[in-house]
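**Student:** Please read through the structure below; I'll follow up with questions.
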Amino acid sequence: MKHFLDLSVSEFKEWLIRHGQPCFRAGQVGHWVCRSPGVPFEQMSDIPKELRTLLSRDFRIWSMETVAHRTSADGTEKLLLKTADDEHVECVLLRDDKGNRTACISTQVGCAMGCVFCASGLDGLVRNLTAGEIFEELLQLRRLLGPDERLSHIVVMGMGEPLANLPRLLQALNWATRKDGLNISARRVTISTVGASAGIRRLADHGAAYHLAVSLHAPNDELRSRIVPTNRKVGLGAILEAADYYFEKTGRRVTYEYVLLAEVNDRPEHAASLAELLRGRNALVNLIPFNPIQGLPYRTPRRQDVRDFASTLESAGVQVTIRHRKGDTIDAACGQLRRVREQAVVLSDFQQEA
Ligand code: SAH
């Protein structure tokens with residue numbers, strides 16, 4: 001049986017036409033699926049009985065099962081979802097005190113990029129998620145919200161390289177941003193990429209004003225190729241050019257993420273070269289202190305080093321934010337929870353969902 005959300009809106013309209021149904025039902029059914037997660041087709045009260053029966057015959061809305069659910073004191077919740085073929089993906093709900101509710105979603109099972117400090121790629125790529133699975137992460141997270149909460153933002157910063165699974169991601173985001181879908185503005189969606197330059201250009205040409213975040217992590221090719229192995233094939237020059245193109249096409253300022261690894265890329269000379277690289281660009285640098293991962297040799301930078309790194313950039317006129325860690329106690333960094341699972345560690349401290 002097909003996942004309902006694997007269909008694009010136009011494919012669903014074609015299905016409706018083939019079954020002698022009017023196209024406007026697409027919006028109605030989409031609205032039910034997106035806004036009332038958990039309601040089966042049979043209970044969609046304003047949809048004719050005959051159509052409800054056809055929908056339940058041909059489609060399913062849920063294909064994944066929550067196998068672990070962790071909550072941390074700062075309000076962060078993390079789900080480990082099991083796919084129909086017994087793979088595992090992670091997604092996270094982040095809460096802040098301004099009322100923002102952000103879904104952090106994965107696009108792949110595992111990752112092929114192999115960034116040396118990241119848990120997601122340690123065992124390579126297993127497969128792309130389908131559009132339906134990507135969208136279902138949003139629905140599963142939405143179910144965790146209280147009656148006064150609303151999903152306000154999406155960050156595509158979970159497992160996987162989003163631009164390596166772009167068509168499916170765009171299809172899922174189309175449902176997320178449509179009025180009859182989740183109605184989240186494209187401006188509140190951030191796609192984080194390792195820096196696939198062709199993919200960045202494709203995204204720029206797509207036309208939607210998503211926010212782009214590029215994972216830079218080093219100010220020169222020699223160091224970046226050591227931390228982010230795919231850099232050997234692309235190079236910083238091509239990435240920055242593609243990011244500039246993105247800014248030209250969309251008018252949206254690009255964010256550069258920079259994971260600070262103690263002694264590796266957090267030295268004053270790295271800050272100075274980064275400032276030089278980004279000088280004159282309309283850019284924001286997001287400094288991310290490394291979130292430790294068991295078995296990896298990297299360390300979190302000292303607080304003072306993070307502050308000094310930020311002030312070097314600021315004094316060169318580069319805007320900076322420092323990402324505060326959320327969900328520390330629940331292995332919220334990408335790929336960590338799945339790895340725990342794959343390593344068959346006893347999940348006794350998990351709050352199993354009923
Ligand atoms: N493939 C995409 C999405 C990855 S996750 C990308 O590379 O951007 C989003 C961000 O989290 C990336 O910048 C990634 O480098 C960073 N990240 C991964 N593991 C981390 C860790 N252990 N500590 C801090 N940041 C990490």
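Chain labels run A, B, ... following the order of the structure tokens; each chain numbers its residues from 1, and ligands are numbered from 1 in the order shown.
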Once you count only C-alpha atoms and all ligand atoms, which residues end up within 6 Å of ligand 1, and could you hand them over as a PDB file with N, CA and C atoms, in the first residue's frame?
**Tutor:**
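Ended up saving to result-v6.pdb:
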ATOM      1  N   PHE A 117      33.286  14.213  12.594  1.00  0.00           N
ATOM      2  CA  PHE A 117      32.815  14.469  13.970  1.00  0.00           C
ATOM      3  C   PHE A 117      31.341  14.118  14.132  1.00  0.00           C
ATOM      4  N   CYS A 118      30.705  13.582  13.085  1.00  0.00           N
ATOM      5  CA  CYS A 118      29.255  13.426  13.078  1.00  0.00           C
ATOM      6  C   CYS A 118      28.874  11.947  13.200  1.00  0.00           C
ATOM      7  N   MET A 157      18.079  19.405   9.577  1.00  0.00           N
ATOM      8  CA  MET A 157      19.413  19.263  10.173  1.00  0.00           C
ATOM      9  C   MET A 157      19.544  17.939  10.905  1.00  0.00           C
ATOM     10  N   GLY A 158      18.709  16.996  10.540  1.00  0.00           N
ATOM     11  CA  GLY A 158      18.809  15.684  11.168  1.00  0.00           C
ATOM     12  C   GLY A 158      19.806  14.835  10.401  1.00  0.00           C
ATOM     13  N   GLY A 160      21.536  12.718   7.498  1.00  0.00           N
ATOM     14  CA  GLY A 160      21.556  12.713   6.035  1.00  0.00           C
ATOM     15  C   GLY A 160      21.929  14.045   5.422  1.00  0.00           C
ATOM     16  N   GLU A 161      22.195  14.002   4.124  1.00  0.00           N
ATOM     17  CA  GLU A 161      22.514  15.209   3.367  1.00  0.00           C
ATOM     18  C   GLU A 161      21.279  15.571   2.527  1.00  0.00           C
ATOM     19  N   SER A 192      19.968  22.606   5.763  1.00  0.00           N
ATOM     20  CA  SER A 192      21.401  22.632   6.069  1.00  0.00           C
ATOM     21  C   SER A 192      22.127  21.629   5.181  1.00  0.00           C
ATOM     22  N   THR A 193      23.164  22.105   4.494  1.00  0.00           N
ATOM     23  CA  THR A 193      23.886  21.217   3.574  1.00  0.00           C
ATOM     24  C   THR A 193      25.384  21.201   3.849  1.00  0.00           C
ATOM     25  N   VAL A 194      25.989  20.077   3.528  1.00  0.00           N
ATOM     26  CA  VAL A 194      27.435  19.937   3.648  1.00  0.00           C
ATOM     27  C   VAL A 194      28.133  20.835   2.611  1.00  0.00           C
ATOM     28  N   VAL A 214      24.945  26.512   5.240  1.00  0.00           N
ATOM     29  CA  VAL A 214      26.036  25.716   4.668  1.00  0.00           C
ATOM     30  C   VAL A 214      27.012  25.347   5.781  1.00  0.00           C
ATOM     31  N   SER A 215      27.296  24.057   5.904  1.00  0.00           N
ATOM     32  CA  SER A 215      28.211  23.590   6.944  1.00  0.00           C
ATOM     33  C   SER A 215      29.643  23.784   6.480  1.00  0.00           C
ATOM     34  N   GLU A 257      27.404  27.365   8.962  1.00  0.00           N
ATOM     35  CA  GLU A 257      27.571  26.674  10.232  1.00  0.00           C
ATOM     36  C   GLU A 257      29.037  26.303  10.408  1.00  0.00           C
ATOM     37  N   VAL A 259      31.115  24.041  13.182  1.00  0.00           N
ATOM     38  CA  VAL A 259      31.231  23.224  14.393  1.00  0.00           C
ATOM     39  C   VAL A 259      32.626  23.434  14.960  1.00  0.00           C
ATOM     40  N   ILE A 288      28.864  26.365  16.380  1.00  0.00           N
ATOM     41  CA  ILE A 288      28.244  25.235  17.087  1.00  0.00           C
ATOM     42  C   ILE A 288      29.317  24.507  17.895  1.00  0.00           C
ATOM     43  N   PRO A 289      29.336  24.685  19.214  1.00  0.00           N
ATOM     44  CA  PRO A 289      30.313  23.905  19.991  1.00  0.00           C
ATOM     45  C   PRO A 289      30.047  22.414  19.785  1.00  0.00           C
ATOM     46  N   PHE A 290      31.098  21.669  19.514  1.00  0.00           N
ATOM     47  CA  PHE A 290      30.970  20.228  19.244  1.00  0.00           C
ATOM     48  C   PHE A 290      30.194  19.535  20.367  1.00  0.00           C
ATOM     49  N   ASN A 291      29.255  18.712  19.965  1.00  0.00           N
ATOM     50  CA  ASN A 291      28.458  17.922  20.892  1.00  0.00           C
ATOM     51  C   ASN A 291      29.112  16.531  20.959  1.00  0.00           C
ATOM     52  N   PRO A 292      29.726  16.189  22.090  1.00  0.00           N
ATOM     53  CA  PRO A 292      30.569  14.984  22.125  1.00  0.00           C
ATOM     54  C   PRO A 292      29.842  13.711  21.721  1.00  0.00           C
ATOM     55  N   ILE A 293      30.537  12.857  21.017  1.00  0.00           N
ATOM     56  CA  ILE A 293      29.976  11.585  20.566  1.00  0.00           C
ATOM     57  C   ILE A 293      30.914  10.471  21.016  1.00  0.00           C
ATOM     58  N   ALA A 333      22.036  15.306  19.175  1.00  0.00           N
ATOM     59  CA  ALA A 333      22.814  15.572  17.956  1.00  0.00           C
ATOM     60  C   ALA A 333      22.536  14.463  16.940  1.00  0.00           C
ATOM     61  N   CYS A 334      22.594  14.850  15.657  1.00  0.00           N
ATOM     62  CA  CYS A 334      22.119  13.934  14.629  1.00  0.00           C
ATOM     63  C   CYS A 334      22.808  12.574  14.659  1.00  0.00           C
TER      64      CYS A 334
END
**Student:** Residues within 10 Å of A:Thr321, please, as a ChimeraX atom specification. Count only C-alpha atoms; anything in the same chain fewer than 4 positions from it doesn't count.
**Tutor:** /A:255,257,284-288,310,314
**Student:** Pick the closest to A:Leu313 from A:Arg299, A:Arg279, A:Arg101, A:Lys49: which is it, counting only C-alpha atoms?
**Tutor:** A:Arg279
**Student:** With a distance cut-off of 7 Å and only C-alpha atoms, select the neighbouring residues of A:Leu125, excluding the residue or stretch itself and same-chain residues fewer than 5 positions from it, and output the selection as a PyMOL selection string.
**Tutor:** chain A and resi 109-112
**Student:** Residues near A:Lys249, anyone? I mean within 9 Å using only C-alpha atoms, not counting same-chain ones fewer than 2 positions away, as a PyMOL selection string.
**Tutor:** chain A and resi 204-205+207+244-247+251-252
**Student:** Using Å and a single decimal, report how far atom CA of A:Gly124 sits from atom CA of A:Ser72.
**Tutor:** 28.2 Å
**Student:** Check stretch 204-350 of chain A with DSSP on the backbone and list each residue it calls helix (DSSP H, G or I), as number ranges by chain.
**Tutor:** A: 204-206, 221-227, 231-234, 236-250, 268-278, 303-315, 328-330, 336-342
**Student:** Just the number, please: distance in Å from atom CA of A:Ile239 to atom CA of A:Ser197, one decimal.
**Tutor:** 5.1 Å
**Student:** As JSON, numbers by chain, please: the residues near A:Ala196 (cut-off 12 Å, only C-alpha atoms, same-chain neighbours under 3 positions excluded).
**Tutor:** {"A": [113, 161, 162, 163, 164, 165, 166, 192, 193, 199, 200, 201, 202, 203, 212, 213, 214, 215, 216, 228, 230, 231, 232, 233, 234, 235, 236, 237, 238, 239, 240, 241, 242, 243]}
**Student:** Go ahead and write the residues just picked, N, CA and C atoms, as an mmCIF file, in the first residue's frame.
**Tutor:**
data_model
loop_
_atom_site.group_PDB
_atom_site.id
_atom_site.type_symbol
_atom_site.label_atom_id
_atom_site.label_comp_id
_atom_site.auth_asym_id
_atom_site.auth_seq_id
_atom_site.Cartn_x
_atom_site.Cartn_y
_atom_site.Cartn_z
ATOM 1 N N MET A 113 28.253 11.308 3.670
ATOM 2 C CA MET A 113 29.228 12.402 3.633
ATOM 3 C C MET A 113 30.478 12.135 4.473
ATOM 4 N N GLU A 161 22.195 14.002 4.124
ATOM 5 C CA GLU A 161 22.514 15.209 3.367
ATOM 6 C C GLU A 161 21.279 15.571 2.527
ATOM 7 N N PRO A 162 20.583 16.643 2.912
ATOM 8 C CA PRO A 162 19.314 16.973 2.254
ATOM 9 C C PRO A 162 19.423 17.156 0.738
ATOM 10 N N LEU A 163 20.531 17.737 0.283
ATOM 11 C CA LEU A 163 20.625 18.014 -1.153
ATOM 12 C C LEU A 163 20.915 16.747 -1.955
ATOM 13 N N ALA A 164 21.266 15.664 -1.262
ATOM 14 C CA ALA A 164 21.439 14.381 -1.949
ATOM 15 C C ALA A 164 20.096 13.661 -2.094
ATOM 16 N N ASN A 165 19.053 14.225 -1.515
ATOM 17 C CA ASN A 165 17.712 13.633 -1.634
ATOM 18 C C ASN A 165 16.708 14.759 -1.914
ATOM 19 N N LEU A 166 17.141 15.677 -2.788
ATOM 20 C CA LEU A 166 16.411 16.939 -2.952
ATOM 21 C C LEU A 166 14.979 16.806 -3.466
ATOM 22 N N SER A 192 19.968 22.606 5.763
ATOM 23 C CA SER A 192 21.401 22.632 6.069
ATOM 24 C C SER A 192 22.127 21.629 5.181
ATOM 25 N N THR A 193 23.164 22.105 4.494
ATOM 26 C CA THR A 193 23.886 21.217 3.574
ATOM 27 C C THR A 193 25.384 21.201 3.849
ATOM 28 N N GLY A 199 23.810 21.116 -5.992
ATOM 29 C CA GLY A 199 22.532 21.048 -5.281
ATOM 30 C C GLY A 199 22.081 22.421 -4.804
ATOM 31 N N ILE A 200 23.027 23.234 -4.346
ATOM 32 C CA ILE A 200 22.683 24.593 -3.880
ATOM 33 C C ILE A 200 22.107 25.395 -5.049
ATOM 34 N N ARG A 201 22.735 25.247 -6.215
ATOM 35 C CA ARG A 201 22.231 25.977 -7.392
ATOM 36 C C ARG A 201 20.843 25.484 -7.794
ATOM 37 N N ARG A 202 20.656 24.168 -7.713
ATOM 38 C CA ARG A 202 19.345 23.608 -8.065
ATOM 39 C C ARG A 202 18.278 24.142 -7.120
ATOM 40 N N LEU A 203 18.630 24.223 -5.832
ATOM 41 C CA LEU A 203 17.685 24.737 -4.838
ATOM 42 C C LEU A 203 17.394 26.219 -5.098
ATOM 43 N N LEU A 212 18.955 28.877 3.602
ATOM 44 C CA LEU A 212 20.046 27.928 3.360
ATOM 45 C C LEU A 212 21.124 28.064 4.433
ATOM 46 N N ALA A 213 21.541 26.938 4.986
ATOM 47 C CA ALA A 213 22.664 26.931 5.919
ATOM 48 C C ALA A 213 23.731 26.004 5.343
ATOM 49 N N VAL A 214 24.945 26.512 5.240
ATOM 50 C CA VAL A 214 26.036 25.716 4.668
ATOM 51 C C VAL A 214 27.012 25.347 5.781
ATOM 52 N N SER A 215 27.296 24.057 5.904
ATOM 53 C CA SER A 215 28.211 23.590 6.944
ATOM 54 C C SER A 215 29.643 23.784 6.480
ATOM 55 N N LEU A 216 30.290 24.826 6.976
ATOM 56 C CA LEU A 216 31.626 25.168 6.480
ATOM 57 C C LEU A 216 32.731 24.470 7.292
ATOM 58 N N VAL A 228 35.716 17.377 6.581
ATOM 59 C CA VAL A 228 34.557 17.082 5.722
ATOM 60 C C VAL A 228 35.104 16.459 4.437
ATOM 61 N N THR A 230 34.093 15.097 1.778
ATOM 62 C CA THR A 230 33.540 15.383 0.452
ATOM 63 C C THR A 230 34.088 16.695 -0.106
ATOM 64 N N ASN A 231 34.718 17.486 0.755
ATOM 65 C CA ASN A 231 35.274 18.748 0.288
ATOM 66 C C ASN A 231 36.299 18.548 -0.823
ATOM 67 N N ARG A 232 36.964 17.390 -0.818
ATOM 68 C CA ARG A 232 37.989 17.132 -1.839
ATOM 69 C C ARG A 232 37.397 17.225 -3.234
ATOM 70 N N LYS A 233 36.115 16.843 -3.343
ATOM 71 C CA LYS A 233 35.490 16.844 -4.675
ATOM 72 C C LYS A 233 34.916 18.206 -5.054
ATOM 73 N N VAL A 234 34.689 19.058 -4.054
ATOM 74 C CA VAL A 234 33.986 20.316 -4.350
ATOM 75 C C VAL A 234 34.898 21.528 -4.143
ATOM 76 N N GLY A 235 35.368 21.700 -2.909
ATOM 77 C CA GLY A 235 36.247 22.839 -2.630
ATOM 78 C C GLY A 235 35.482 24.069 -2.178
ATOM 79 N N LEU A 236 36.134 24.829 -1.283
ATOM 80 C CA LEU A 236 35.467 25.996 -0.686
ATOM 81 C C LEU A 236 35.055 27.045 -1.718
ATOM 82 N N GLY A 237 35.922 27.243 -2.729
ATOM 83 C CA GLY A 237 35.635 28.284 -3.724
ATOM 84 C C GLY A 237 34.292 28.042 -4.397
ATOM 85 N N ALA A 238 34.075 26.789 -4.843
ATOM 86 C CA ALA A 238 32.827 26.455 -5.559
ATOM 87 C C ALA A 238 31.625 26.556 -4.623
ATOM 88 N N ILE A 239 31.827 26.211 -3.353
ATOM 89 C CA ILE A 239 30.719 26.273 -2.398
ATOM 90 C C ILE A 239 30.301 27.723 -2.159
ATOM 91 N N LEU A 240 31.295 28.574 -1.937
ATOM 92 C CA LEU A 240 30.977 29.992 -1.686
ATOM 93 C C LEU A 240 30.322 30.630 -2.908
ATOM 94 N N GLU A 241 30.798 30.258 -4.092
ATOM 95 C CA GLU A 241 30.174 30.797 -5.317
ATOM 96 C C GLU A 241 28.715 30.371 -5.404
ATOM 97 N N ALA A 242 28.468 29.091 -5.097
ATOM 98 C CA ALA A 242 27.088 28.604 -5.158
ATOM 99 C C ALA A 242 26.221 29.306 -4.106
ATOM 100 N N ALA A 243 26.807 29.539 -2.924
ATOM 101 C CA ALA A 243 26.047 30.216 -1.863
ATOM 102 C C ALA A 243 25.763 31.667 -2.259
#
**Student:** Between stretch 172-244 of chain A and stretch 3-18 of chain A, at 12 Å or less, what are the per-residue closest atom pairs and their distances in Å? Count only C-alpha atoms, order by chain and rising residue number, and return it as CSV.
**Tutor:**
residue,atom,partner,partner_atom,distance
A:Ala172,CA,A:Leu5,CA,7.6
A:Leu173,CA,A:Ser8,CA,10.5
A:Asn174,CA,A:Ser8,CA,8.3
A:Trp175,CA,A:Val9,CA,7.8
A:Ala176,CA,A:Leu5,CA,10.7
A:Arg178,CA,A:Val9,CA,9.9
A:Asp180,CA,A:Val9,CA,10.5
A:Gly181,CA,A:Val9,CA,10.2
**Student:** Those selected residues, please, written with N, CA, C and O atoms and delivered as a compact mmCIF listing (two decimals), in the first residue's frame.
**Tutor:**
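Contents of result-v7.txt, as written:
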# COMPACT_ATOMS: atom_id res chain seq x y z
N ALA A 172 8.11 16.91 0.15
CA ALA A 172 7.63 16.94 1.54
C ALA A 172 7.45 18.38 2.01
O ALA A 172 6.45 18.72 2.66
N LEU A 173 8.39 19.25 1.64
CA LEU A 173 8.29 20.64 2.07
C LEU A 173 7.15 21.36 1.38
O LEU A 173 6.58 22.32 1.92
N ASN A 174 6.79 20.89 0.20
CA ASN A 174 5.65 21.48 -0.49
C ASN A 174 4.37 21.26 0.34
O ASN A 174 3.61 22.19 0.59
N TRP A 175 4.17 20.04 0.82
CA TRP A 175 3.02 19.78 1.70
C TRP A 175 3.13 20.61 2.99
O TRP A 175 2.14 21.08 3.54
N ALA A 176 4.36 20.79 3.47
CA ALA A 176 4.55 21.49 4.75
C ALA A 176 4.22 22.97 4.63
O ALA A 176 3.75 23.59 5.58
N ARG A 178 2.25 24.45 2.10
CA ARG A 178 0.97 24.77 1.47
C ARG A 178 -0.06 25.20 2.51
O ARG A 178 -0.06 24.72 3.63
N ASP A 180 -3.17 24.42 2.52
CA ASP A 180 -3.98 23.28 2.95
C ASP A 180 -3.10 22.15 3.50
O ASP A 180 -3.57 21.06 3.78
N GLY A 181 -1.81 22.44 3.68
CA GLY A 181 -0.92 21.49 4.35
C GLY A 181 -0.65 22.00 5.76
O GLY A 181 -1.59 22.32 6.48
**Student:** Suppose you want the space between atom CA of A:Arg70 and atom CA of A:Cys91; what is it in Å?
**Tutor:** 10.8 Å
**Student:** Could you tell me which of A:Leu144, A:Ala26, A:Ala208, A:Met64 comes closest to A:Ala186 if we count only C-alpha atoms?
**Tutor:**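 Smallest separation from A:Ala186 among the options: A:Ala208.
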